[in-house]
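The next block is work27.tsv, given as TSV, C-alpha atoms.
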```
chain	number	residue	atom	x	y	z
B	1	MET	CA	35.12	-5.19	66.48
B	2	GLU	CA	34.43	-2.63	69.17
B	3	LEU	CA	30.92	-1.69	68.05
B	4	LEU	CA	29.70	-5.22	67.32
B	5	ASP	CA	31.72	-6.96	70.03
B	6	VAL	CA	33.03	-9.62	67.65
B	7	GLY	CA	36.47	-11.04	67.05
B	8	LEU	CA	38.97	-10.23	64.31
B	9	THR	CA	38.28	-13.51	62.52
B	10	GLU	CA	34.57	-12.75	62.19
B	11	VAL	CA	35.27	-9.21	60.91
B	12	ARG	CA	37.71	-10.47	58.28
B	13	SER	CA	35.24	-13.14	57.16
B	14	ALA	CA	32.46	-10.54	56.84
B	15	LEU	CA	34.68	-8.19	54.82
B	16	LEU	CA	35.63	-11.03	52.47
B	17	GLN	CA	31.99	-11.99	51.84
B	18	ILE	CA	30.92	-8.37	51.29
B	19	SER	CA	33.81	-7.79	48.88
B	20	GLU	CA	32.84	-10.84	46.82
B	21	ILE	CA	29.26	-9.56	46.56
B	22	VAL	CA	29.93	-5.93	45.62
B	23	ALA	CA	33.14	-6.22	43.58
B	24	PRO	CA	32.58	-6.73	39.83
B	25	PRO	CA	33.83	-10.09	38.58
B	26	TYR	CA	36.70	-10.21	36.14
B	27	GLN	CA	35.96	-10.68	32.46
B	28	THR	CA	38.03	-12.37	29.80
B	29	ALA	CA	38.93	-10.71	26.52
B	30	LEU	CA	36.73	-13.30	24.78
B	31	SER	CA	33.66	-12.45	26.87
B	32	LEU	CA	34.17	-8.71	26.22
B	33	MET	CA	34.40	-9.36	22.47
B	34	GLU	CA	31.20	-11.44	22.55
B	35	GLN	CA	29.39	-8.65	24.44
B	36	ARG	CA	30.51	-6.15	21.83
B	37	PHE	CA	29.06	-8.19	18.99
B	38	GLN	CA	25.79	-8.67	20.90
B	39	ASN	CA	25.49	-4.93	21.63
B	40	GLU	CA	26.89	-3.49	18.43
B	41	HIS	CA	24.07	-0.92	18.33
B	42	LEU	CA	25.35	0.50	21.63
B	43	GLY	CA	29.07	0.38	20.96
B	44	GLY	CA	29.41	0.32	17.21
B	45	HIS	CA	31.22	2.48	14.68
B	46	PHE	CA	30.04	4.81	11.95
B	47	PRO	CA	31.88	4.37	8.61
B	48	THR	CA	33.50	7.53	7.26
B	49	GLY	CA	33.62	6.20	3.71
B	50	LEU	CA	37.44	6.32	3.85
B	51	LYS	CA	38.21	2.62	3.55
B	52	GLY	CA	41.71	2.56	5.04
B	53	LEU	CA	40.78	4.82	7.96
B	54	ASP	CA	37.63	2.81	8.71
B	55	ALA	CA	39.67	-0.40	8.76
B	56	ALA	CA	42.19	1.13	11.17
B	57	LEU	CA	39.38	2.29	13.50
B	58	CYS	CA	37.61	-1.09	13.35
B	59	GLY	CA	34.65	0.33	11.45
B	60	GLY	CA	34.89	4.11	11.65
B	61	ILE	CA	33.95	6.85	14.14
B	62	PRO	CA	33.02	5.18	17.47
B	63	PHE	CA	29.63	5.67	19.13
B	64	GLY	CA	29.29	7.06	22.64
B	65	VAL	CA	32.68	8.82	22.89
B	66	LEU	CA	34.40	11.98	21.62
B	67	THR	CA	36.31	11.95	18.33
B	68	GLU	CA	38.52	14.98	17.70
B	69	LEU	CA	39.68	16.40	14.37
B	70	VAL	CA	42.65	18.70	14.93
B	71	GLY	CA	44.71	20.62	12.41
B	72	PRO	CA	45.65	24.05	11.07
B	73	ALA	CA	43.20	26.36	9.31
B	74	GLY	CA	42.26	25.32	5.78
B	75	ILE	CA	43.51	21.74	6.09
B	76	GLY	CA	40.06	20.16	5.65
B	77	LYS	CA	38.47	19.74	9.10
B	78	THR	CA	35.18	21.38	8.09
B	79	GLN	CA	35.18	19.43	4.82
B	80	PHE	CA	35.43	16.22	6.85
B	81	CYS	CA	32.59	17.37	9.15
B	82	LEU	CA	30.34	18.18	6.19
B	83	LYS	CA	30.93	14.75	4.68
B	84	LEU	CA	30.25	12.98	7.99
B	85	SER	CA	27.05	15.01	8.52
B	86	LEU	CA	25.86	14.12	5.05
B	87	LEU	CA	26.61	10.43	5.55
B	88	ALA	CA	24.74	10.34	8.87
B	89	SER	CA	21.61	11.76	7.22
B	90	LEU	CA	21.54	9.12	4.48
B	91	PRO	CA	19.25	6.07	4.57
B	92	THR	CA	20.76	2.97	6.14
B	93	ASN	CA	20.82	1.10	2.82
B	94	TYR	CA	23.34	3.71	1.61
B	95	GLY	CA	25.52	3.29	4.70
B	96	GLY	CA	23.98	6.18	6.64
B	97	LEU	CA	22.31	6.44	10.03
B	98	ASP	CA	18.97	7.63	8.62
B	99	GLY	CA	18.65	10.39	11.20
B	100	ARG	CA	19.24	14.01	11.99
B	101	VAL	CA	22.52	15.76	12.75
B	102	ILE	CA	23.08	18.67	15.12
B	103	TYR	CA	25.88	20.79	13.68
B	104	ILE	CA	27.23	23.52	15.98
B	105	ASP	CA	28.87	25.96	13.58
B	106	VAL	CA	30.94	28.25	15.80
B	107	GLU	CA	33.08	29.83	13.07
B	108	SER	CA	30.28	30.20	10.47
B	109	LYS	CA	32.05	27.86	8.06
B	110	PHE	CA	29.10	25.58	7.37
B	111	SER	CA	28.09	25.81	3.70
B	112	SER	CA	24.82	24.26	2.55
B	113	ARG	CA	25.89	24.66	-1.09
B	114	ARG	CA	29.10	22.76	-0.46
B	115	LEU	CA	27.15	20.09	1.44
B	116	LEU	CA	24.81	19.58	-1.52
B	117	GLU	CA	27.73	19.49	-3.94
B	118	ILE	CA	29.41	16.73	-1.91
B	119	GLY	CA	26.11	14.83	-1.89
B	120	LEU	CA	25.54	15.25	-5.61
B	121	ARG	CA	29.05	14.09	-6.53
B	122	SER	CA	29.18	11.25	-3.97
B	123	PHE	CA	25.60	9.95	-4.20
B	124	PRO	CA	24.09	11.12	-7.52
B	125	GLU	CA	21.46	8.37	-7.44
B	126	ILE	CA	19.99	9.97	-4.28
B	127	PHE	CA	20.56	13.67	-4.83
B	128	GLN	CA	19.27	13.68	-8.39
B	129	MET	CA	15.93	12.33	-7.20
B	130	LYS	CA	13.16	14.89	-6.87
B	131	GLU	CA	13.15	16.62	-3.45
B	132	MET	CA	15.67	14.14	-1.98
B	133	ALA	CA	18.43	16.74	-1.77
B	134	GLN	CA	16.15	19.05	0.22
B	135	GLU	CA	15.12	16.20	2.50
B	136	MET	CA	18.72	15.20	3.27
B	137	ALA	CA	19.79	18.80	3.86
B	138	GLY	CA	16.72	19.33	6.04
B	139	ARG	CA	17.94	16.64	8.42
B	140	ILE	CA	20.99	18.71	9.41
B	141	LEU	CA	20.16	21.20	12.19
B	142	VAL	CA	22.70	24.06	12.35
B	143	LEU	CA	23.29	26.12	15.51
B	144	ARG	CA	25.55	29.18	15.53
B	145	PRO	CA	26.31	30.28	19.11
B	146	THR	CA	28.19	33.58	19.29
B	147	SER	CA	29.64	33.03	22.76
B	148	LEU	CA	30.45	30.31	25.26
B	149	ALA	CA	27.46	31.46	27.32
B	150	GLU	CA	25.09	30.88	24.38
B	151	PHE	CA	26.67	27.50	23.77
B	152	THR	CA	26.20	26.58	27.43
B	153	GLN	CA	22.51	27.52	27.30
B	154	SER	CA	21.99	25.41	24.20
B	155	LEU	CA	23.58	22.25	25.63
B	156	GLU	CA	20.53	21.33	27.72
B	157	GLN	CA	18.29	21.91	24.70
B	158	ILE	CA	20.59	19.66	22.66
B	159	LYS	CA	20.17	16.89	25.22
B	160	VAL	CA	16.38	17.06	24.78
B	161	SER	CA	16.72	17.25	20.99
B	162	LEU	CA	18.81	14.08	20.95
B	163	LEU	CA	15.70	12.21	22.11
B	164	GLN	CA	12.92	14.15	20.42
B	165	ASN	CA	14.41	14.64	16.96
B	166	GLN	CA	16.03	11.26	16.26
B	167	VAL	CA	19.48	12.86	16.24
B	168	LYS	CA	22.17	10.37	15.17
B	169	MET	CA	25.29	12.60	15.24
B	170	LEU	CA	26.60	15.71	17.00
B	171	VAL	CA	29.28	17.91	15.39
B	172	ILE	CA	30.98	20.86	17.13
B	173	ASP	CA	33.11	22.98	14.78
B	174	SER	CA	35.08	24.16	16.69
B	175	MET	CA	35.43	23.86	20.46
B	176	ALA	CA	38.66	25.87	20.51
B	177	ALA	CA	36.94	28.84	18.82
B	178	LEU	CA	34.32	28.92	21.59
B	179	VAL	CA	36.90	28.92	24.37
B	180	SER	CA	39.38	31.28	22.71
B	181	GLY	CA	36.70	33.97	22.41
B	182	GLU	CA	36.37	34.23	26.18
B	183	HIS	CA	38.37	36.62	28.36
B	184	GLU	CA	38.84	34.21	31.27
B	185	GLN	CA	42.36	32.92	31.82
B	186	GLY	CA	44.21	30.43	33.98
B	187	ALA	CA	42.36	28.30	36.52
B	188	ARG	CA	38.98	30.00	35.87
B	189	ARG	CA	39.19	29.17	32.17
B	190	GLN	CA	40.20	25.56	32.89
B	191	GLN	CA	37.26	25.21	35.28
B	192	THR	CA	34.86	26.42	32.58
B	193	LEU	CA	36.40	24.08	30.04
B	194	SER	CA	36.18	21.16	32.51
B	195	TRP	CA	32.42	21.62	32.85
B	196	HIS	CA	31.90	21.63	29.09
B	197	ILE	CA	34.15	18.60	28.61
B	198	SER	CA	32.18	16.65	31.20
B	199	PHE	CA	28.83	17.65	29.72
B	200	ILE	CA	29.77	16.83	26.13
B	201	LYS	CA	31.16	13.46	27.22
B	202	SER	CA	27.93	12.76	29.10
B	203	LEU	CA	25.94	13.63	25.96
B	204	ALA	CA	27.96	11.10	23.99
B	205	GLU	CA	27.54	8.37	26.61
B	206	PHE	CA	23.86	9.16	27.19
B	207	SER	CA	22.86	9.19	23.53
B	208	ARG	CA	25.28	6.52	22.22
B	209	ILE	CA	25.88	8.49	19.02
B	210	PRO	CA	29.11	9.63	17.32
B	211	VAL	CA	30.26	13.02	18.64
B	212	VAL	CA	32.82	14.80	16.45
B	213	VAL	CA	34.60	17.91	17.71
B	214	THR	CA	37.16	19.97	15.79
B	215	ASN	CA	40.11	21.64	17.48
B	216	GLN	CA	42.56	24.29	16.36
B	217	VAL	CA	46.34	24.37	16.72
B	218	ARG	CA	48.65	26.76	18.51
B	219	SER	CA	52.38	27.38	18.66
B	220	ARG	CA	54.51	24.97	20.65
B	221	ASN	CA	56.34	26.39	23.67
B	222	HIS	CA	59.06	25.04	25.95
B	223	ASP	CA	56.58	23.58	28.44
B	224	ASP	CA	54.93	21.56	25.69
B	225	ALA	CA	58.24	19.99	24.80
B	226	SER	CA	58.76	18.80	28.37
B	227	ARG	CA	55.15	17.75	29.03
B	228	TYR	CA	53.84	16.20	25.83
B	229	CYS	CA	56.72	14.93	23.71
B	230	PHE	CA	58.24	11.50	24.12
B	231	GLN	CA	61.39	11.58	26.18
B	232	VAL	CA	64.42	9.37	25.71
B	233	GLN	CA	67.06	8.33	28.18
B	234	SER	CA	70.71	8.95	27.37
B	235	ARG	CA	73.52	6.57	28.22
B	236	ASP	CA	74.39	8.47	31.39
B	237	GLY	CA	70.78	8.13	32.60
B	238	ALA	CA	69.73	11.73	31.98
B	239	ILE	CA	66.36	12.42	30.37
B	240	GLU	CA	66.60	14.17	27.04
B	241	THR	CA	63.80	15.70	25.02
B	242	PRO	CA	64.25	15.36	21.27
B	243	MET	CA	64.09	18.74	19.56
B	244	GLN	CA	64.47	17.83	15.90
B	245	TYR	CA	61.03	19.05	14.81
B	246	ASP	CA	60.15	20.94	11.65
B	247	SER	CA	56.77	21.64	13.23
B	248	HIS	CA	56.01	24.15	15.98
B	249	LEU	CA	52.31	23.36	16.23
B	250	VAL	CA	50.38	21.46	18.89
B	251	ALA	CA	46.68	20.90	19.52
B	252	ALA	CA	44.92	23.71	21.38
B	253	LEU	CA	42.91	23.33	24.63
B	254	GLY	CA	45.70	21.58	26.51
B	255	ILE	CA	46.32	18.25	28.15
B	256	GLN	CA	42.96	18.10	29.99
B	257	TRP	CA	41.08	18.16	26.70
B	258	ALA	CA	43.50	15.64	25.16
B	259	HIS	CA	42.62	13.14	27.90
B	260	ALA	CA	38.89	13.68	27.32
B	261	VAL	CA	38.87	12.63	23.66
B	262	THR	CA	38.94	8.92	22.89
B	263	THR	CA	40.10	9.24	19.28
B	264	ARG	CA	42.28	12.04	17.92
B	265	LEU	CA	42.65	12.41	14.16
B	266	VAL	CA	45.31	14.92	13.11
B	267	LEU	CA	44.98	16.57	9.69
B	268	GLU	CA	48.31	17.97	8.54
B	269	ALA	CA	50.34	18.90	5.47
B	270	LYS	CA	53.91	17.83	4.87
B	271	SER	CA	56.08	18.06	1.73
B	272	GLY	CA	53.13	19.16	-0.38
B	273	GLU	CA	50.81	16.33	0.73
B	274	ARG	CA	47.90	16.23	3.15
B	275	PHE	CA	47.67	13.45	5.72
B	276	ILE	CA	45.05	12.14	8.16
B	277	LYS	CA	46.91	10.71	11.12
B	278	VAL	CA	45.43	8.46	13.80
B	279	ALA	CA	47.33	10.09	16.68
B	280	LYS	CA	45.27	8.61	19.52
B	281	SER	CA	43.03	5.56	19.55
B	282	PRO	CA	42.51	2.65	21.96
B	283	ILE	CA	42.08	0.24	19.03
B	284	SER	CA	44.51	1.41	16.36
B	285	PRO	CA	48.26	1.95	16.08
B	286	PRO	CA	49.38	5.43	14.98
B	287	LEU	CA	48.85	5.47	11.20
B	288	ALA	CA	48.99	8.23	8.56
B	289	PHE	CA	46.92	8.22	5.35
B	290	PRO	CA	47.54	10.64	2.45
B	291	PHE	CA	44.38	12.41	1.29
B	292	HIS	CA	43.15	15.14	-1.02
B	293	ILE	CA	39.97	17.19	-1.27
B	294	THR	CA	37.86	17.02	-4.40
B	295	SER	CA	34.37	18.13	-5.36
B	296	SER	CA	33.06	14.98	-3.63
B	297	GLY	CA	34.85	15.77	-0.38
B	298	ILE	CA	37.81	14.13	1.32
B	299	SER	CA	39.27	11.05	-0.38
B	300	LEU	CA	42.24	8.90	0.58
B	301	LEU	CA	45.05	8.58	-1.94
B	302	SER	CA	45.95	5.21	-0.44
B	303	ASP	CA	44.12	2.82	1.88
B	304	ASP	CA	47.43	1.58	3.27
B	305	GLY	CA	48.35	3.65	6.29
B	306	LYS	CA	51.98	4.31	7.13
B	307	GLU	CA	52.84	3.61	10.77
B	308	VAL	CA	54.03	6.68	12.67
B	309	MET	CA	56.73	6.36	15.31
B	310	GLY	CA	57.98	8.35	18.31
B	311	PRO	CA	57.52	12.13	18.50
B	312	GLU	CA	55.93	12.23	15.05
B	313	ILE	CA	52.73	10.86	16.59
B	314	ASN	CA	51.95	14.15	18.33
B	315	ALA	CA	53.68	16.54	15.91
B	316	ILE	CA	51.41	18.61	13.64
B	317	HIS	CA	52.94	19.72	10.35
B	318	TYR	CA	51.84	22.45	8.00
B	319	GLN	CA	54.75	23.08	5.70
B	320	GLY	CA	55.35	22.92	1.98
B	321	HIS	CA	51.64	22.90	1.14
B	322	ASN	CA	50.43	25.26	-1.56
B	323	GLU	CA	47.74	23.20	-3.27
B	324	ILE	CA	44.93	25.17	-4.91
B	325	ILE	CA	41.53	23.53	-5.18
B	326	ASN	CA	38.64	24.69	-7.33
B	327	PHE	CA	35.09	23.48	-6.91
B	328	GLY	CA	32.26	23.76	-9.35
B	329	MET	CA	29.77	25.36	-6.97
B	330	GLU	CA	31.72	26.91	-4.13
B	331	GLY	CA	35.28	27.32	-2.96
B	332	LEU	CA	36.90	25.54	-0.05
B	333	HIS	CA	35.71	26.56	3.43
```

Kindly present the structure from the file in structure tokens form.
Amino acid sequence: MELLDVGLTEVRSALLQISEIVAPPYQTALSLMEQRFQNEHLGGHFPTGLKGLDAALCGGIPFGVLTELVGPAGIGKTQFCLKLSLLASLPTNYGGLDGRVIYIDVESKFSSRRLLEIGLRSFPEIFQMKEMAQEMAGRILVLRPTSLAEFTQSLEQIKVSLLQNQVKMLVIDSMAALVSGEHEQGARRQQTLSWHISFIKSLAEFSRIPVVVTNQVRSRNHDDASRYCFQVQSRDGAIETPMQYDSHLVAALGIQWAHAVTTRLVLEAKSGERFIKVAKSPISPPLAFPFHITSSGISLLSDDGKEVMGPEINAIHYQGHNEIINFGMEGLH
């Protein structure tokens, strides 16, 4: 009013007109759904081959965001990553993405022999064809950074490779192993992690491909109980934290990382059975599916997921599991 020498009415009118121009209009749920169908190639899902899980996730692993696999050592995270990498390399008529995969193998658990075994048992019609096995395996590009610094240097190269090499999936196995190997602690470590989180998320959004990252577990402490678990209110109004857990494990990397991932799949073992649990998803309720690992990879024992309630959503179990698995070509990694 002072600079332009105009009245309050004129200023309010100008602000209203400017707001109408620059503010995004509201959208109905119907219009958003129609946009999704029209742009399925930009916001689609990649089927995992696990029917019940794919149905829960409205098609599978989402494009353009981070999907996390978290669980204790030996539960099957790398097995899942190998199967997903193989599927992404397959031709589209076999349900694949017909492209290359960048597989960042931090813990040196990637096994080409196991990959080929999964392919041979799952898709014999492809992998028994002359030179097809070599062609599929040749589409998976494996990087093995030995430090967070090496990983950081390779991220920019990965961004270029996503365009030049027709890359259709990025797998990082595992992010926690990269961070845990560093000596930085406290705020400095969180700052470093923040940069990597932002960059990996930007890679997912920029390339519109599925990005799968594995995470380790760590022991639960008192702060976790007060910060992450569901709290209930007692009759006298006091906040109580339920403590009846048989699990003392939580996902590593903390709450900042948990907010960065769009979908969190927990792999756990309870009462002698393995479960894949949809612990976090914007499109699915918390569901748990029993699974086992065979020579053809991960398979669900039932396509009907059991709904998970309350604190069990975030709990990670690894008790009562002593299953021994033998493979024809190579043992479990």

Would you mind listing what lies within 10 Å of Thr146 in chain B as a VMD selection string, with all atoms listed in the file counted and same-chain residues fewer than 3 positions away left out? chain B and resid 105 to 108 143 149 to 151 177 to 178 181

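In this comparison, which uses all atoms listed in the file, the residue of B:Met169, B:Leu69, B:Ile102, B:Ile197 approaching Ser154 in chain B most closely is B:Ile102.
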
CA of Ile293 in chain B to CA of Pro72 in chain B: how many Å, to one decimal? 15.2 Å

Give as a PyMOL selection string each residue that has an atom at most 12 Å from (44.6, 5.7, 17.7) in the file, counting all atoms listed in the file. chain B and resi 53-58+60-62+67-68+261-266+276-288+307-308+313-314

Identify the residues around (32.5, 19.6, 6.3) within a radius of 9 Å, measuring from all atoms listed in the file in the coordinates stated by the file, and give them as a list in words. Gly76, Lys77, Thr78, Gln79, Phe80, Cys81, Leu82, Lys83, Leu84, Ser85, Leu86, Lys109, Phe110, Ser111, Arg114, Leu115, Gly297 and His333 of chain B

Regenerate range 128-146 of chain B at the level of N, CA, C and O atoms and dump it as a PDB file, in the frame of the given file.
```pdb
ATOM      1  N   GLN B 128      19.922  13.291  -7.148  1.00  0.00           N
ATOM      2  CA  GLN B 128      19.270  13.680  -8.390  1.00  0.00           C
ATOM      3  C   GLN B 128      17.781  13.352  -8.384  1.00  0.00           C
ATOM      4  O   GLN B 128      17.054  13.756  -9.281  1.00  0.00           O
ATOM      5  N   MET B 129      17.352  12.623  -7.338  1.00  0.00           N
ATOM      6  CA  MET B 129      15.930  12.330  -7.200  1.00  0.00           C
ATOM      7  C   MET B 129      15.181  13.576  -6.734  1.00  0.00           C
ATOM      8  O   MET B 129      15.724  14.394  -5.989  1.00  0.00           O
ATOM      9  N   LYS B 130      13.967  13.714  -7.185  1.00  0.00           N
ATOM     10  CA  LYS B 130      13.160  14.890  -6.870  1.00  0.00           C
ATOM     11  C   LYS B 130      12.970  15.047  -5.365  1.00  0.00           C
ATOM     12  O   LYS B 130      12.546  14.103  -4.681  1.00  0.00           O
ATOM     13  N   GLU B 131      13.334  16.216  -4.850  1.00  0.00           N
ATOM     14  CA  GLU B 131      13.150  16.620  -3.450  1.00  0.00           C
ATOM     15  C   GLU B 131      14.017  15.852  -2.462  1.00  0.00           C
ATOM     16  O   GLU B 131      13.961  16.123  -1.265  1.00  0.00           O
ATOM     17  N   MET B 132      14.841  14.893  -2.911  1.00  0.00           N
ATOM     18  CA  MET B 132      15.670  14.140  -1.980  1.00  0.00           C
ATOM     19  C   MET B 132      16.790  15.003  -1.413  1.00  0.00           C
ATOM     20  O   MET B 132      17.145  14.872  -0.238  1.00  0.00           O
ATOM     21  N   ALA B 133      17.357  15.871  -2.252  1.00  0.00           N
ATOM     22  CA  ALA B 133      18.430  16.740  -1.770  1.00  0.00           C
ATOM     23  C   ALA B 133      17.928  17.641  -0.645  1.00  0.00           C
ATOM     24  O   ALA B 133      18.593  17.821   0.383  1.00  0.00           O
ATOM     25  N   GLN B 134      16.729  18.192  -0.821  1.00  0.00           N
ATOM     26  CA  GLN B 134      16.150  19.050   0.220  1.00  0.00           C
ATOM     27  C   GLN B 134      15.873  18.258   1.490  1.00  0.00           C
ATOM     28  O   GLN B 134      16.062  18.758   2.603  1.00  0.00           O
ATOM     29  N   GLU B 135      15.414  17.019   1.319  1.00  0.00           N
ATOM     30  CA  GLU B 135      15.120  16.200   2.500  1.00  0.00           C
ATOM     31  C   GLU B 135      16.377  15.881   3.282  1.00  0.00           C
ATOM     32  O   GLU B 135      16.399  15.972   4.520  1.00  0.00           O
ATOM     33  N   MET B 136      17.465  15.517   2.589  1.00  0.00           N
ATOM     34  CA  MET B 136      18.720  15.200   3.270  1.00  0.00           C
ATOM     35  C   MET B 136      19.279  16.431   3.976  1.00  0.00           C
ATOM     36  O   MET B 136      19.708  16.362   5.125  1.00  0.00           O
ATOM     37  N   ALA B 137      19.283  17.568   3.265  1.00  0.00           N
ATOM     38  CA  ALA B 137      19.790  18.800   3.860  1.00  0.00           C
ATOM     39  C   ALA B 137      18.926  19.251   5.035  1.00  0.00           C
ATOM     40  O   ALA B 137      19.426  19.844   6.001  1.00  0.00           O
ATOM     41  N   GLY B 138      17.629  18.961   4.966  1.00  0.00           N
ATOM     42  CA  GLY B 138      16.720  19.330   6.040  1.00  0.00           C
ATOM     43  C   GLY B 138      16.919  18.535   7.313  1.00  0.00           C
ATOM     44  O   GLY B 138      16.409  18.919   8.370  1.00  0.00           O
ATOM     45  N   ARG B 139      17.667  17.457   7.230  1.00  0.00           N
ATOM     46  CA  ARG B 139      17.940  16.640   8.420  1.00  0.00           C
ATOM     47  C   ARG B 139      19.114  17.183   9.242  1.00  0.00           C
ATOM     48  O   ARG B 139      19.391  16.665  10.328  1.00  0.00           O
ATOM     49  N   ILE B 140      19.822  18.172   8.714  1.00  0.00           N
ATOM     50  CA  ILE B 140      20.990  18.710   9.410  1.00  0.00           C
ATOM     51  C   ILE B 140      20.596  20.035  10.068  1.00  0.00           C
ATOM     52  O   ILE B 140      20.266  21.011   9.392  1.00  0.00           O
ATOM     53  N   LEU B 141      20.587  20.043  11.396  1.00  0.00           N
ATOM     54  CA  LEU B 141      20.160  21.200  12.190  1.00  0.00           C
ATOM     55  C   LEU B 141      21.394  22.003  12.589  1.00  0.00           C
ATOM     56  O   LEU B 141      22.254  21.497  13.314  1.00  0.00           O
ATOM     57  N   VAL B 142      21.507  23.238  12.125  1.00  0.00           N
ATOM     58  CA  VAL B 142      22.700  24.060  12.350  1.00  0.00           C
ATOM     59  C   VAL B 142      22.440  25.092  13.438  1.00  0.00           C
ATOM     60  O   VAL B 142      21.462  25.839  13.382  1.00  0.00           O
ATOM     61  N   LEU B 143      23.320  25.113  14.441  1.00  0.00           N
ATOM     62  CA  LEU B 143      23.290  26.120  15.510  1.00  0.00           C
ATOM     63  C   LEU B 143      24.538  26.971  15.389  1.00  0.00           C
ATOM     64  O   LEU B 143      25.627  26.454  15.123  1.00  0.00           O
ATOM     65  N   ARG B 144      24.405  28.283  15.630  1.00  0.00           N
ATOM     66  CA  ARG B 144      25.550  29.180  15.530  1.00  0.00           C
ATOM     67  C   ARG B 144      25.654  30.046  16.792  1.00  0.00           C
ATOM     68  O   ARG B 144      25.306  31.231  16.773  1.00  0.00           O
ATOM     69  N   PRO B 145      26.135  29.483  17.890  1.00  0.00           N
ATOM     70  CA  PRO B 145      26.310  30.280  19.110  1.00  0.00           C
ATOM     71  C   PRO B 145      27.416  31.311  18.922  1.00  0.00           C
ATOM     72  O   PRO B 145      28.448  31.020  18.314  1.00  0.00           O
ATOM     73  N   THR B 146      27.206  32.513  19.441  1.00  0.00           N
ATOM     74  CA  THR B 146      28.190  33.580  19.290  1.00  0.00           C
ATOM     75  C   THR B 146      29.104  33.717  20.498  1.00  0.00           C
ATOM     76  O   THR B 146      30.044  34.510  20.484  1.00  0.00           O
TER      77      THR B 146
END
```
